[in-house]
>>> print(open('coords12.cif').read())   # mmCIF, C-alpha atoms
data_coords
loop_
_atom_site.label_atom_id
_atom_site.label_comp_id
_atom_site.auth_asym_id
_atom_site.auth_seq_id
_atom_site.Cartn_x
_atom_site.Cartn_y
_atom_site.Cartn_z
CA MET A 1188 0.00 0.00 0.00
CA LYS A 1189 1.25 3.49 -0.85
CA ILE A 1190 0.86 6.28 1.69
CA ALA A 1191 1.47 9.96 0.97
CA THR A 1192 1.97 12.14 4.04
CA VAL A 1193 1.02 15.81 3.64
CA SER A 1194 2.70 18.02 6.23
CA LEU A 1195 3.69 21.63 6.66
CA LEU A 1196 7.28 21.11 7.85
CA ASN A 1197 9.99 18.57 7.29
CA ASN A 1198 10.05 16.40 10.42
CA ILE A 1199 13.85 16.18 10.32
CA PRO A 1200 15.82 17.20 12.38
CA LEU A 1201 13.97 16.06 15.50
CA ASN A 1202 14.08 19.41 17.29
CA THR A 1203 10.47 19.67 18.50
CA GLY A 1204 8.02 17.28 20.11
CA GLY A 1205 5.68 17.55 17.12
CA LYS A 1206 8.45 16.68 14.66
CA SER A 1207 9.52 13.72 16.77
CA ALA A 1208 5.98 12.39 16.92
CA SER A 1209 5.58 12.82 13.16
CA PHE A 1210 8.89 11.16 12.40
CA PHE A 1211 8.35 8.08 14.54
CA VAL A 1212 4.83 7.51 13.22
CA ASN A 1213 5.86 7.85 9.58
CA ASN A 1214 9.04 5.84 10.05
CA THR A 1215 7.12 2.96 11.62
CA VAL A 1216 4.26 2.99 9.11
CA TRP A 1217 6.91 2.64 6.38
CA LYS A 1218 7.72 -0.85 7.71
CA TYR A 1219 4.38 -2.09 6.40
CA HIS A 1220 3.67 0.30 3.53
CA LYS A 1221 5.57 2.42 1.03
CA LEU A 1222 5.49 5.95 2.42
CA ASN A 1223 6.50 9.29 0.90
CA PHE A 1224 6.55 12.47 2.99
CA TYR A 1225 5.68 15.82 1.33
CA TYR A 1226 6.11 19.17 3.05
CA PHE A 1227 5.36 22.72 1.90
CA TYR A 1228 7.40 25.05 4.08
CA GLN A 1229 11.19 25.25 4.16
CA GLU A 1230 12.87 26.12 7.47
CA ASN A 1231 16.40 27.51 7.65
CA ASN A 1232 19.23 27.01 10.17
CA GLN A 1233 17.66 23.97 11.79
CA GLU A 1234 19.78 22.20 14.40
CA TRP A 1235 19.53 18.95 16.30
CA GLU A 1236 19.57 15.26 15.65
CA ILE A 1237 19.17 13.69 12.20
CA PRO A 1238 18.44 9.97 12.60
CA ASN A 1239 20.58 7.57 10.61
CA TRP A 1240 17.71 5.14 10.06
CA ILE A 1241 15.25 7.20 8.01
CA ASN A 1242 13.04 4.75 6.12
CA PHE A 1243 10.70 6.99 4.13
CA THR A 1244 11.50 9.51 1.41
CA SER A 1245 10.88 13.25 1.86
CA LYS A 1246 10.20 15.90 -0.76
CA TYR A 1247 9.83 19.66 -0.43
CA ILE A 1248 7.20 21.11 -2.77
CA LYS A 1249 8.05 24.73 -3.34
CA LYS A 1250 5.52 27.50 -3.71
CA LYS A 1251 5.08 29.03 -7.14
CA PHE A 1252 3.30 32.11 -5.82
CA LYS A 1253 3.86 34.21 -2.72
CA PHE A 1254 1.20 36.35 -1.10
CA SER A 1255 3.27 38.19 1.49
CA PHE A 1256 0.34 40.44 2.41
CA PHE A 1257 -1.66 37.42 3.71
CA PRO A 1258 -1.66 36.61 7.45
CA ASP A 1259 0.80 33.90 8.48
CA LEU A 1260 -1.95 31.29 8.96
CA LEU A 1261 -3.32 31.78 5.43
CA GLN A 1262 0.20 31.51 4.01
CA LYS A 1263 0.63 28.20 5.83
CA MET A 1264 -2.53 26.89 4.19
CA ASN A 1265 -0.85 27.12 0.75
CA TYR A 1266 -4.03 27.88 -1.15
CA GLU A 1267 -2.01 28.79 -4.23
CA PHE A 1268 -1.72 25.06 -5.02
CA ILE A 1269 -5.40 25.06 -5.93
CA LEU A 1270 -4.30 27.21 -8.86
CA SER A 1271 -1.35 24.95 -9.72
CA LYS A 1272 -2.57 21.41 -9.11
CA TRP A 1273 -0.03 20.00 -11.55
CA GLU A 1274 2.57 20.14 -8.73
CA LEU A 1275 0.57 17.40 -6.97
CA LYS A 1276 -0.67 15.34 -9.91
CA ASP A 1277 2.16 12.79 -9.93
CA ILE A 1278 1.79 11.84 -6.25
CA LYS A 1279 0.54 8.25 -6.02
CA ALA A 1280 -1.30 7.05 -2.94
CA ASP A 1281 -3.74 4.51 -1.55
CA ILE A 1282 -4.05 6.57 1.64
CA VAL A 1283 -3.22 10.24 2.28
CA LEU A 1284 -1.95 10.90 5.80
CA LEU A 1285 -2.70 14.55 6.63
CA GLU A 1286 -0.75 16.12 9.49
CA PHE A 1287 -2.41 19.55 9.73
CA PRO A 1288 -6.13 20.23 9.16
CA TYR A 1289 -5.43 23.49 7.33
CA LEU A 1290 -3.70 21.52 4.55
CA TYR A 1291 -6.84 19.46 3.89
CA HIS A 1292 -7.37 20.96 0.42
CA LEU A 1293 -3.92 19.64 -0.63
CA ALA A 1294 -4.75 16.17 0.69
CA LYS A 1295 -8.07 16.34 -1.15
CA ILE A 1296 -6.37 17.13 -4.47
CA ILE A 1297 -4.04 14.13 -4.04
CA SER A 1298 -6.95 11.92 -2.98
CA LYS A 1299 -9.03 12.95 -6.00
CA ASN A 1300 -6.11 12.18 -8.33
CA ASN A 1301 -5.99 8.68 -6.80
CA ASN A 1302 -9.62 7.57 -7.18
CA ASN A 1303 -10.74 9.47 -4.06
CA CYS A 1304 -8.57 7.36 -1.77
CA PRO A 1305 -9.09 7.73 2.04
CA ILE A 1306 -7.64 10.68 3.96
CA TYR A 1307 -6.43 10.03 7.52
CA LEU A 1308 -5.79 13.03 9.80
CA LEU A 1309 -2.92 12.66 12.30
CA ALA A 1310 -4.14 15.10 14.97
CA HIS A 1311 -1.09 16.34 16.86
CA ASN A 1312 -3.37 18.57 18.93
CA ILE A 1313 -6.60 20.57 18.80
CA GLU A 1314 -5.41 23.50 16.70
CA TYR A 1315 -7.95 26.10 17.82
CA GLN A 1316 -7.07 25.51 21.49
CA TYR A 1317 -3.46 26.39 20.73
CA TYR A 1318 -4.40 29.61 18.91
CA LYS A 1319 -6.85 30.54 21.66
CA ARG A 1320 -4.15 30.05 24.29
CA GLU A 1321 -1.83 32.29 22.26
CA ASN A 1322 -4.57 34.98 22.19
CA SER A 1323 -5.00 34.81 18.41
CA LYS A 1324 -8.06 36.59 17.07
CA LEU A 1325 -8.42 33.79 14.52
CA TRP A 1326 -9.17 31.01 16.99
CA ARG A 1327 -12.95 31.03 16.39
CA PHE A 1328 -12.44 30.76 12.63
CA ILE A 1329 -9.94 27.95 13.17
CA LYS A 1330 -12.39 26.11 15.44
CA ILE A 1331 -15.13 26.15 12.78
CA PHE A 1332 -12.70 25.15 10.03
CA GLU A 1333 -11.07 22.38 12.10
CA GLU A 1334 -14.39 20.79 13.09
CA TYR A 1335 -15.45 20.88 9.43
CA ILE A 1336 -12.28 18.96 8.48
CA PHE A 1337 -12.90 16.40 11.24
CA LYS A 1338 -16.16 15.51 9.50
CA LYS A 1339 -14.59 15.29 6.03
CA VAL A 1340 -11.67 12.91 6.64
CA THR A 1341 -12.00 9.11 6.70
CA LYS A 1342 -10.15 8.59 9.99
CA ILE A 1343 -8.82 10.80 12.76
CA ILE A 1344 -5.74 9.45 14.55
CA CYS A 1345 -5.24 11.11 17.94
CA ILE A 1346 -2.07 10.86 19.98
CA SER A 1347 -3.72 12.29 23.10
CA LYS A 1348 -6.65 10.84 25.00
CA HIS A 1349 -7.58 14.43 25.90
CA ASP A 1350 -7.89 15.29 22.19
CA CYS A 1351 -9.66 12.01 21.44
CA GLN A 1352 -12.31 12.68 24.07
CA HIS A 1353 -12.75 16.24 22.80
CA ILE A 1354 -13.33 15.14 19.19
CA LYS A 1355 -15.70 12.32 20.19
CA LYS A 1356 -17.97 14.93 21.79
CA LEU A 1357 -18.69 16.07 18.21
CA TRP A 1358 -20.52 12.74 17.73
CA LEU A 1359 -17.91 11.41 15.33
CA ASN A 1360 -17.23 7.68 15.04
CA ASN A 1361 -14.05 7.87 12.93
CA VAL A 1362 -11.72 8.66 15.84
CA ASN A 1363 -8.79 6.38 16.73
CA LEU A 1364 -6.43 6.73 19.69
CA MET A 1365 -2.83 5.80 18.93
CA LYS A 1366 -0.18 5.21 21.55
CA LEU A 1367 2.74 7.53 20.96
CA TRP A 1368 6.26 6.21 20.59
CA VAL A 1369 9.88 7.35 20.52
CA SER A 1370 12.90 5.45 19.27
CA ASP A 1371 14.23 2.86 21.68
CA GLU A 1372 17.41 2.97 19.59
CA ILE A 1373 18.03 6.55 20.79
CA TYR A 1374 16.27 6.60 24.15
CA ASN A 1375 17.40 3.70 26.32
CA LEU A 1376 19.65 3.13 29.31
CA ASN A 1377 22.35 1.14 27.54
CA TRP A 1378 24.26 3.91 25.75
CA GLN A 1379 26.76 6.38 27.11
CA SER A 1380 25.79 9.13 29.54
CA TYR A 1381 26.93 12.67 30.13
CA ASN A 1382 28.68 12.83 33.50
CA PHE A 1383 27.51 15.80 35.58
CA ASN A 1384 30.41 15.01 37.93
CA ASN A 1385 29.14 17.10 40.84
CA ASN A 1386 28.14 14.60 43.56
CA LYS A 1387 24.70 16.19 43.72
CA PHE A 1388 21.14 14.99 43.20
CA ASN A 1389 20.67 16.03 39.56
CA ILE A 1390 17.29 17.22 38.34
CA LEU A 1391 16.80 17.75 34.59
CA PHE A 1392 14.48 20.22 32.86
CA TYR A 1393 14.72 20.52 29.08
CA TRP A 1394 13.01 21.81 25.95
CA SER A 1395 12.88 25.09 24.06
CA LEU A 1396 12.56 28.24 26.14
CA LYS A 1397 11.03 29.98 23.14
CA ALA A 1398 7.66 28.48 24.14
CA SER A 1399 5.75 30.51 26.73
CA PHE A 1400 4.68 27.47 28.77
CA ASN A 1401 8.33 26.43 29.17
CA GLN A 1402 9.28 29.97 30.18
CA ASN A 1403 6.56 29.82 32.85
CA ALA A 1404 7.88 26.44 34.01
CA LEU A 1405 11.38 27.91 34.36
CA LYS A 1406 9.98 30.79 36.42
CA PHE A 1407 8.36 28.21 38.69
CA ILE A 1408 11.72 26.44 39.08
CA TYR A 1409 13.49 29.75 39.79
CA ASN A 1410 11.00 31.35 42.14
CA ASP A 1411 9.14 28.50 43.84
CA LEU A 1412 10.97 25.19 43.62
CA CYS A 1413 14.68 25.95 44.10
CA PRO A 1414 14.34 28.25 47.14
CA ASN A 1415 12.51 25.46 48.98
CA LEU A 1416 14.80 22.54 48.16
CA TRP A 1417 17.76 21.36 50.20
CA ASN A 1418 21.27 22.43 49.21
CA ASP A 1419 22.62 19.15 47.86
CA PHE A 1420 20.87 19.30 44.47
CA LEU A 1421 21.29 20.86 41.04
CA VAL A 1422 18.64 21.68 38.45
CA ASN A 1423 20.14 21.25 34.97
CA VAL A 1424 18.41 23.16 32.14
CA CYS A 1425 19.34 22.23 28.61
CA TRP A 1426 18.49 22.04 24.96
CA LYS A 1427 17.41 25.04 22.89
CA ASN A 1428 17.21 28.82 23.29
CA VAL A 1429 18.97 29.05 26.62
CA ASN A 1430 22.03 30.92 25.37
CA ASN A 1431 23.25 33.87 27.42
CA ILE A 1432 21.17 33.00 30.48
CA GLN A 1433 23.37 33.08 33.55
CA ASP A 1434 23.67 30.21 36.02
CA LYS A 1435 22.43 30.88 39.51
CA GLU A 1436 22.63 28.99 42.77
CA ASN A 1437 21.48 25.40 42.27
CA ILE A 1438 20.60 25.99 38.58
CA LYS A 1439 22.99 25.31 35.71
CA PHE A 1440 22.28 26.09 32.04
CA HIS A 1441 23.94 23.73 29.59
CA TRP A 1442 22.73 25.67 26.53
CA PHE A 1443 22.39 23.65 23.34
CA VAL A 1444 23.47 20.03 23.84
CA GLU A 1445 24.20 17.70 20.96
CA LYS A 1446 22.89 14.47 22.46
CA LEU A 1447 20.12 15.20 24.90
CA GLU A 1448 19.54 11.51 25.60
CA ASP A 1449 22.98 11.36 27.29
CA TYR A 1450 21.84 13.99 29.79
CA ILE A 1451 18.58 12.14 30.46
CA ARG A 1452 20.48 8.92 31.17
CA TRP A 1453 22.77 10.54 33.74
CA CYS A 1454 20.27 12.61 35.73
CA ASP A 1455 18.43 11.29 38.79
CA VAL A 1456 14.98 12.60 37.86
CA VAL A 1457 13.30 14.65 35.13
CA ILE A 1458 10.75 17.35 35.97
CA VAL A 1459 8.03 18.74 33.68
CA PRO A 1460 6.33 21.54 35.68
CA ILE A 1461 4.09 22.71 32.81
CA LYS A 1462 0.95 24.33 34.21
CA GLU A 1463 -0.80 24.91 30.88
CA THR A 1464 -2.45 22.15 28.86
CA VAL A 1465 -0.02 21.83 25.98
CA TRP A 1466 0.67 19.71 22.95
CA ILE A 1467 2.15 16.27 23.22
CA ASN A 1468 4.86 16.30 25.82
CA MET A 1469 7.53 14.06 24.32
CA ARG A 1470 10.01 14.67 27.14
CA ILE A 1471 7.95 12.46 29.47
CA LEU A 1472 8.04 9.54 27.05
CA GLU A 1473 11.71 10.07 26.17
CA SER A 1474 12.63 10.02 29.85
CA LEU A 1475 10.57 6.91 30.62
CA TYR A 1476 12.24 5.12 27.70
CA CYS A 1477 15.55 5.84 29.46
CA TRP A 1478 13.98 4.31 32.63
CA LYS A 1479 14.05 7.67 34.37
CA ILE A 1480 11.67 8.82 37.09
CA VAL A 1481 9.52 11.75 35.95
CA LEU A 1482 7.70 14.36 38.02
CA ALA A 1483 5.09 16.24 35.98
CA SER A 1484 2.01 18.39 36.33
CA SER A 1485 -1.36 16.84 35.54
CA SER A 1486 -1.69 19.34 32.65
CA SER A 1487 1.34 17.93 30.86
CA MET A 1488 0.11 14.33 31.18
CA LYS A 1489 -3.24 14.62 29.39
CA TRP A 1490 -1.94 12.89 26.24
CA LEU A 1491 -0.09 10.09 28.04
CA ASP A 1492 -1.16 6.45 27.77
CA VAL A 1493 -2.95 5.31 30.93
CA ASP A 1494 -0.43 2.51 31.60
CA LEU A 1495 2.46 4.98 31.52
CA GLU A 1496 0.60 7.69 33.41
CA LYS A 1497 0.70 5.44 36.48
CA LEU A 1498 4.50 5.60 36.42
CA VAL A 1499 4.74 9.40 36.54
CA PHE A 1500 4.60 11.30 39.82
CA LYS A 1501 1.82 13.88 39.50
CA CYS A 1502 2.84 17.22 41.01
CA ASP A 1503 0.65 20.31 40.90
CA THR A 1504 2.06 22.29 43.83
CA VAL A 1505 5.55 23.15 44.99
CA ASP A 1506 5.00 20.93 48.05
CA ASP A 1507 4.25 17.96 45.77
CA TYR A 1508 7.64 18.39 44.06
CA ILE A 1509 9.54 18.95 47.31
CA ASN A 1510 8.07 15.94 49.12
CA ILE A 1511 8.65 13.50 46.25
CA LEU A 1512 12.13 14.79 45.39
CA GLU A 1513 13.23 14.52 49.02
CA LYS A 1514 11.93 10.94 49.27
CA LEU A 1515 13.70 9.95 46.03
CA GLN A 1516 16.94 11.58 47.16
CA LYS A 1517 16.97 9.99 50.63
CA ASP A 1518 15.63 6.52 49.79
CA LYS A 1519 17.80 4.95 47.07
CA LYS A 1520 16.06 1.56 47.46
CA TYR A 1521 12.71 3.21 46.70
CA ARG A 1522 14.20 5.01 43.69
CA LEU A 1523 15.58 1.74 42.26
CA ALA A 1524 12.18 0.07 42.73
CA CYS A 1525 10.52 2.89 40.79
CA GLU A 1526 13.05 2.53 37.97
CA LYS A 1527 12.44 -1.24 37.85
CA ASP A 1528 8.68 -0.65 37.43
CA ILE A 1529 9.39 1.81 34.60
CA LYS A 1530 11.67 -0.69 32.83
CA GLU A 1531 9.02 -3.43 32.87
CA ALA A 1532 6.22 -1.12 31.73
CA ILE A 1533 8.25 0.40 28.88
CA SER A 1534 9.28 -3.05 27.63
CA ASN A 1535 5.61 -4.07 27.40
CA TYR A 1536 4.66 -0.74 25.83
CA ILE A 1537 7.24 -1.09 23.04
CA ALA A 1538 6.15 -4.69 22.33
CA ASN A 1539 2.49 -3.69 21.84
CA TRP A 1540 2.85 -0.33 20.08
CA GLU A 1541 3.50 -1.35 16.49
CA GLU A 1542 0.55 -3.77 16.45
CA ILE A 1543 -1.80 -0.90 17.31
CA LEU A 1544 -0.37 1.24 14.49
CA LYS A 1545 -0.67 -1.62 12.00
CA ASP A 1546 -4.36 -2.04 12.83
CA ILE A 1547 -5.11 1.64 12.20
CA PHE A 1548 -3.68 1.51 8.67
CA ILE A 1549 -5.59 -1.58 7.54
CA LYS A 1550 -8.12 -0.36 5.00
#
>>> encode(input="coords12.cif", output="structure tokens")
Amino acid sequence: MKIATVSLLNNIPLNTGGKSASFFVNNTVWKYHKLNFYYFYQENNQEWEIPNWINFTSKYIKKKFKFSFFPDLLQKMNYEFILSKWELKDIKADIVLLEFPYLYHLAKIISKNNNNCPIYLLAHNIEYQYYKRENSKLWRFIKIFEEYIFKKVTKIICISKHDCQHIKKLWLNNVNLMKLWVSDEIYNLNWQSYNFNNNKFNILFYWSLKASFNQNALKFIYNDLCPNLWNDFLVNVCWKNVNNIQDKENIKFHWFVEKLEDYIRWCDVVIVPIKETVWINMRILESLYCWKIVLASSSSMKWLDVDLEKLVFKCDTVDDYINILEKLQKDKKYRLACEKDIKEAISNYIANWEEILKDIFIK
């Protein structure tokens, strides 16, 4: 079976949670079907990891027309391809996998050229909720448009039970919940680790500080968490957009790191103090794959599979974090027992994941 994925951005390098989710889904689907990935927006100066086991082929389809006076959202929708359909006419597919609802018209053109083949929507999140949270005046328009697309596609594949429940309230019966996955070749405990070499209890917080919810999480770490913790600890902040931020007592900024998984493997715990309901939170899954204990807010766990959610310590107040961190630091036997539970659960999760994905893509 031939699958054509229609996406806005190239999902390589893996420098955001959304790109990682896209990559691992497409890379795994390729094992059972021939898959080609098409994207319509070219990013520049992209850093981070490029996997050496890319199975599918990718192609950038360049715009022929530019309407610079259009709002950014309308430019992303690439409506000019309705006027130049020949760019899409040679794409062959038995299924079109659509990654953003506002590219539905492109998926529809490809579907029509292939005997009206099915269109599956991979719903990374509820788009209008994101725009509403960012105070965009367009969120009401996006809500109407997105719910229209939900009713037009053959299947909706959700990677969040929160999103799945939201869409099912629209009385739709074409909604599938897919367990999310990351590469156990990258994220595991058996590879090398970065050595913090400080004889402290090392807490890791990572992701891009360009996002407002991560900035708010860092403020929480600065103002609420660190002043109330004991002295023998260090919060390590790393990955993107942390350049030129100065270290302070008990907080160290590692700036951009080349192999984040090495830092995850060496730390004692990972924290995800995100107070807003956000998109998929890949850092939780990446950390669990490395058998690491994770402390996270309930808001950041809404997408997580129920079997894995049981493994994560839910923390919604500063006291929650303090009490659990102190117990983990003082009781090594308890910490090792927690890590053993994570190892067993992740092993079962990996074994079952691909079977679920295979079932979704059976016509």
>>> atom_distance(input="coords12.cif", atom1="atom CA of His1220 of chain A", atom2="atom CA of Glu1542 of chain A")
13.9 Å
>>> residues_around(input="coords12.cif", residues="Asp1419 of chain A", least_positions_apart="5", cutoff="12 Å", atoms="all atoms listed in the file", output="ChimeraX atom specification")
/A:1385-1390,1413,1436-1438,1512-1513,1516-1517
>>> resolve_selection(input="coords12.cif", expression="the PyMOL selection byres ((chain A and resi 1189-1202) around 6)", output="count of residues only")
24
>>> atom_distance(input="coords12.cif", atom1="atom CA of Ile1480 of chain A", atom2="atom CA of Leu1498 of chain A")
7.9 Å
>>> residues_around(input="coords12.cif", residues="Cys1351 of chain A", least_positions_apart="6", cutoff="7 Å", atoms="all atoms listed in the file", output="VMD selection string")
chain A and resid 1345 1362 1364
>>> residues_around(input="coords12.cif", residues="Asp1494 of chain A", least_positions_apart="3", cutoff="10 Å", atoms="all atoms listed in the file", output="mmCIF file with C-alpha atoms, in the frame of the given file")
data_model
loop_
_atom_site.group_PDB
_atom_site.id
_atom_site.type_symbol
_atom_site.label_atom_id
_atom_site.label_comp_id
_atom_site.auth_asym_id
_atom_site.auth_seq_id
_atom_site.Cartn_x
_atom_site.Cartn_y
_atom_site.Cartn_z
ATOM 1 C CA LEU A 1491 -0.090 10.090 28.040
ATOM 2 C CA LYS A 1497 0.700 5.440 36.480
ATOM 3 C CA LEU A 1498 4.500 5.600 36.420
ATOM 4 C CA VAL A 1499 4.740 9.400 36.540
ATOM 5 C CA ALA A 1532 6.220 -1.120 31.730
ATOM 6 C CA ILE A 1533 8.250 0.400 28.880
ATOM 7 C CA ASN A 1535 5.610 -4.070 27.400
ATOM 8 C CA TYR A 1536 4.660 -0.740 25.830
#
>>> closest_residue(input="coords12.cif", among="A:His1311, A:Lys1462, A:Arg1327, A:Lys1342", to="Asp1503 of chain A", atoms="all atoms listed in the file")
A:Lys1462
>>> atom_distance(input="coords12.cif", atom1="atom CA of Ile1547 of chain A", atom2="atom CA of Phe1337 of chain A")
16.7 Å
>>> resolve_selection(input="coords12.cif", expression="the PyMOL selection byres ((chain A and resi 1475) around 9)", output="list in words")
Tyr1374, Asn1375, Arg1470, Ile1471, Leu1472, Glu1473, Ser1474, Tyr1476, Cys1477, Trp1478, Lys1479, Ile1480, Val1481, Leu1495, Leu1498, Val1499, Glu1526, Ile1529, Lys1530 and Ile1533 of chain A
>>> closest_residue(input="coords12.cif", among="A:Asn1510, A:Leu1357, A:Ile1537, A:Ile1296", to="Trp1417 of chain A", atoms="all atoms listed in the file")
A:Asn1510
>>> decode(input="coords12.cif", residues="segment 1300-1383 of chain A", atoms="C-alpha atoms", output="PDB file, in the first residue's frame")
ATOM      1  CA  ASN A1300      -6.106  12.178  -8.326  1.00  0.00           C
ATOM      2  CA  ASN A1301      -5.988   8.682  -6.797  1.00  0.00           C
ATOM      3  CA  ASN A1302      -9.623   7.574  -7.181  1.00  0.00           C
ATOM      4  CA  ASN A1303     -10.736   9.473  -4.056  1.00  0.00           C
ATOM      5  CA  CYS A1304      -8.568   7.365  -1.767  1.00  0.00           C
ATOM      6  CA  PRO A1305      -9.090   7.731   2.040  1.00  0.00           C
ATOM      7  CA  ILE A1306      -7.640  10.678   3.959  1.00  0.00           C
ATOM      8  CA  TYR A1307      -6.434  10.033   7.520  1.00  0.00           C
ATOM      9  CA  LEU A1308      -5.790  13.028   9.800  1.00  0.00           C
ATOM     10  CA  LEU A1309      -2.921  12.664  12.296  1.00  0.00           C
ATOM     11  CA  ALA A1310      -4.142  15.097  14.969  1.00  0.00           C
ATOM     12  CA  HIS A1311      -1.090  16.341  16.857  1.00  0.00           C
ATOM     13  CA  ASN A1312      -3.366  18.572  18.933  1.00  0.00           C
ATOM     14  CA  ILE A1313      -6.599  20.569  18.797  1.00  0.00           C
ATOM     15  CA  GLU A1314      -5.414  23.502  16.697  1.00  0.00           C
ATOM     16  CA  TYR A1315      -7.946  26.098  17.819  1.00  0.00           C
ATOM     17  CA  GLN A1316      -7.072  25.511  21.489  1.00  0.00           C
ATOM     18  CA  TYR A1317      -3.464  26.391  20.733  1.00  0.00           C
ATOM     19  CA  TYR A1318      -4.400  29.613  18.907  1.00  0.00           C
ATOM     20  CA  LYS A1319      -6.845  30.543  21.664  1.00  0.00           C
ATOM     21  CA  ARG A1320      -4.153  30.052  24.293  1.00  0.00           C
ATOM     22  CA  GLU A1321      -1.832  32.290  22.257  1.00  0.00           C
ATOM     23  CA  ASN A1322      -4.570  34.977  22.191  1.00  0.00           C
ATOM     24  CA  SER A1323      -4.996  34.809  18.413  1.00  0.00           C
ATOM     25  CA  LYS A1324      -8.062  36.593  17.074  1.00  0.00           C
ATOM     26  CA  LEU A1325      -8.417  33.789  14.516  1.00  0.00           C
ATOM     27  CA  TRP A1326      -9.170  31.007  16.988  1.00  0.00           C
ATOM     28  CA  ARG A1327     -12.952  31.028  16.388  1.00  0.00           C
ATOM     29  CA  PHE A1328     -12.438  30.764  12.627  1.00  0.00           C
ATOM     30  CA  ILE A1329      -9.935  27.946  13.167  1.00  0.00           C
ATOM     31  CA  LYS A1330     -12.392  26.107  15.436  1.00  0.00           C
ATOM     32  CA  ILE A1331     -15.127  26.149  12.782  1.00  0.00           C
ATOM     33  CA  PHE A1332     -12.696  25.154  10.030  1.00  0.00           C
ATOM     34  CA  GLU A1333     -11.074  22.378  12.098  1.00  0.00           C
ATOM     35  CA  GLU A1334     -14.387  20.793  13.088  1.00  0.00           C
ATOM     36  CA  TYR A1335     -15.453  20.876   9.428  1.00  0.00           C
ATOM     37  CA  ILE A1336     -12.278  18.956   8.481  1.00  0.00           C
ATOM     38  CA  PHE A1337     -12.902  16.401  11.242  1.00  0.00           C
ATOM     39  CA  LYS A1338     -16.158  15.506   9.505  1.00  0.00           C
ATOM     40  CA  LYS A1339     -14.593  15.287   6.034  1.00  0.00           C
ATOM     41  CA  VAL A1340     -11.671  12.905   6.644  1.00  0.00           C
ATOM     42  CA  THR A1341     -11.996   9.110   6.697  1.00  0.00           C
ATOM     43  CA  LYS A1342     -10.154   8.589   9.989  1.00  0.00           C
ATOM     44  CA  ILE A1343      -8.821  10.801  12.760  1.00  0.00           C
ATOM     45  CA  ILE A1344      -5.743   9.455  14.547  1.00  0.00           C
ATOM     46  CA  CYS A1345      -5.241  11.114  17.939  1.00  0.00           C
ATOM     47  CA  ILE A1346      -2.066  10.861  19.978  1.00  0.00           C
ATOM     48  CA  SER A1347      -3.722  12.292  23.097  1.00  0.00           C
ATOM     49  CA  LYS A1348      -6.652  10.842  25.003  1.00  0.00           C
ATOM     50  CA  HIS A1349      -7.580  14.427  25.898  1.00  0.00           C
ATOM     51  CA  ASP A1350      -7.888  15.292  22.189  1.00  0.00           C
ATOM     52  CA  CYS A1351      -9.655  12.009  21.440  1.00  0.00           C
ATOM     53  CA  GLN A1352     -12.308  12.676  24.065  1.00  0.00           C
ATOM     54  CA  HIS A1353     -12.753  16.243  22.804  1.00  0.00           C
ATOM     55  CA  ILE A1354     -13.327  15.138  19.193  1.00  0.00           C
ATOM     56  CA  LYS A1355     -15.700  12.323  20.187  1.00  0.00           C
ATOM     57  CA  LYS A1356     -17.965  14.934  21.787  1.00  0.00           C
ATOM     58  CA  LEU A1357     -18.693  16.073  18.214  1.00  0.00           C
ATOM     59  CA  TRP A1358     -20.524  12.736  17.727  1.00  0.00           C
ATOM     60  CA  LEU A1359     -17.907  11.412  15.327  1.00  0.00           C
ATOM     61  CA  ASN A1360     -17.231   7.681  15.038  1.00  0.00           C
ATOM     62  CA  ASN A1361     -14.055   7.872  12.928  1.00  0.00           C
ATOM     63  CA  VAL A1362     -11.724   8.655  15.844  1.00  0.00           C
ATOM     64  CA  ASN A1363      -8.785   6.379  16.729  1.00  0.00           C
ATOM     65  CA  LEU A1364      -6.427   6.734  19.692  1.00  0.00           C
ATOM     66  CA  MET A1365      -2.834   5.802  18.933  1.00  0.00           C
ATOM     67  CA  LYS A1366      -0.184   5.207  21.547  1.00  0.00           C
ATOM     68  CA  LEU A1367       2.739   7.531  20.957  1.00  0.00           C
ATOM     69  CA  TRP A1368       6.261   6.210  20.594  1.00  0.00           C
ATOM     70  CA  VAL A1369       9.884   7.345  20.516  1.00  0.00           C
ATOM     71  CA  SER A1370      12.904   5.449  19.273  1.00  0.00           C
ATOM     72  CA  ASP A1371      14.226   2.856  21.680  1.00  0.00           C
ATOM     73  CA  GLU A1372      17.412   2.974  19.593  1.00  0.00           C
ATOM     74  CA  ILE A1373      18.028   6.553  20.789  1.00  0.00           C
ATOM     75  CA  TYR A1374      16.273   6.597  24.152  1.00  0.00           C
ATOM     76  CA  ASN A1375      17.400   3.701  26.322  1.00  0.00           C
ATOM     77  CA  LEU A1376      19.650   3.131  29.307  1.00  0.00           C
ATOM     78  CA  ASN A1377      22.352   1.144  27.543  1.00  0.00           C
ATOM     79  CA  TRP A1378      24.260   3.910  25.746  1.00  0.00           C
ATOM     80  CA  GLN A1379      26.756   6.383  27.115  1.00  0.00           C
ATOM     81  CA  SER A1380      25.786   9.129  29.545  1.00  0.00           C
ATOM     82  CA  TYR A1381      26.935  12.671  30.129  1.00  0.00           C
ATOM     83  CA  ASN A1382      28.676  12.827  33.498  1.00  0.00           C
ATOM     84  CA  PHE A1383      27.508  15.799  35.580  1.00  0.00           C
TER      85      PHE A1383
END
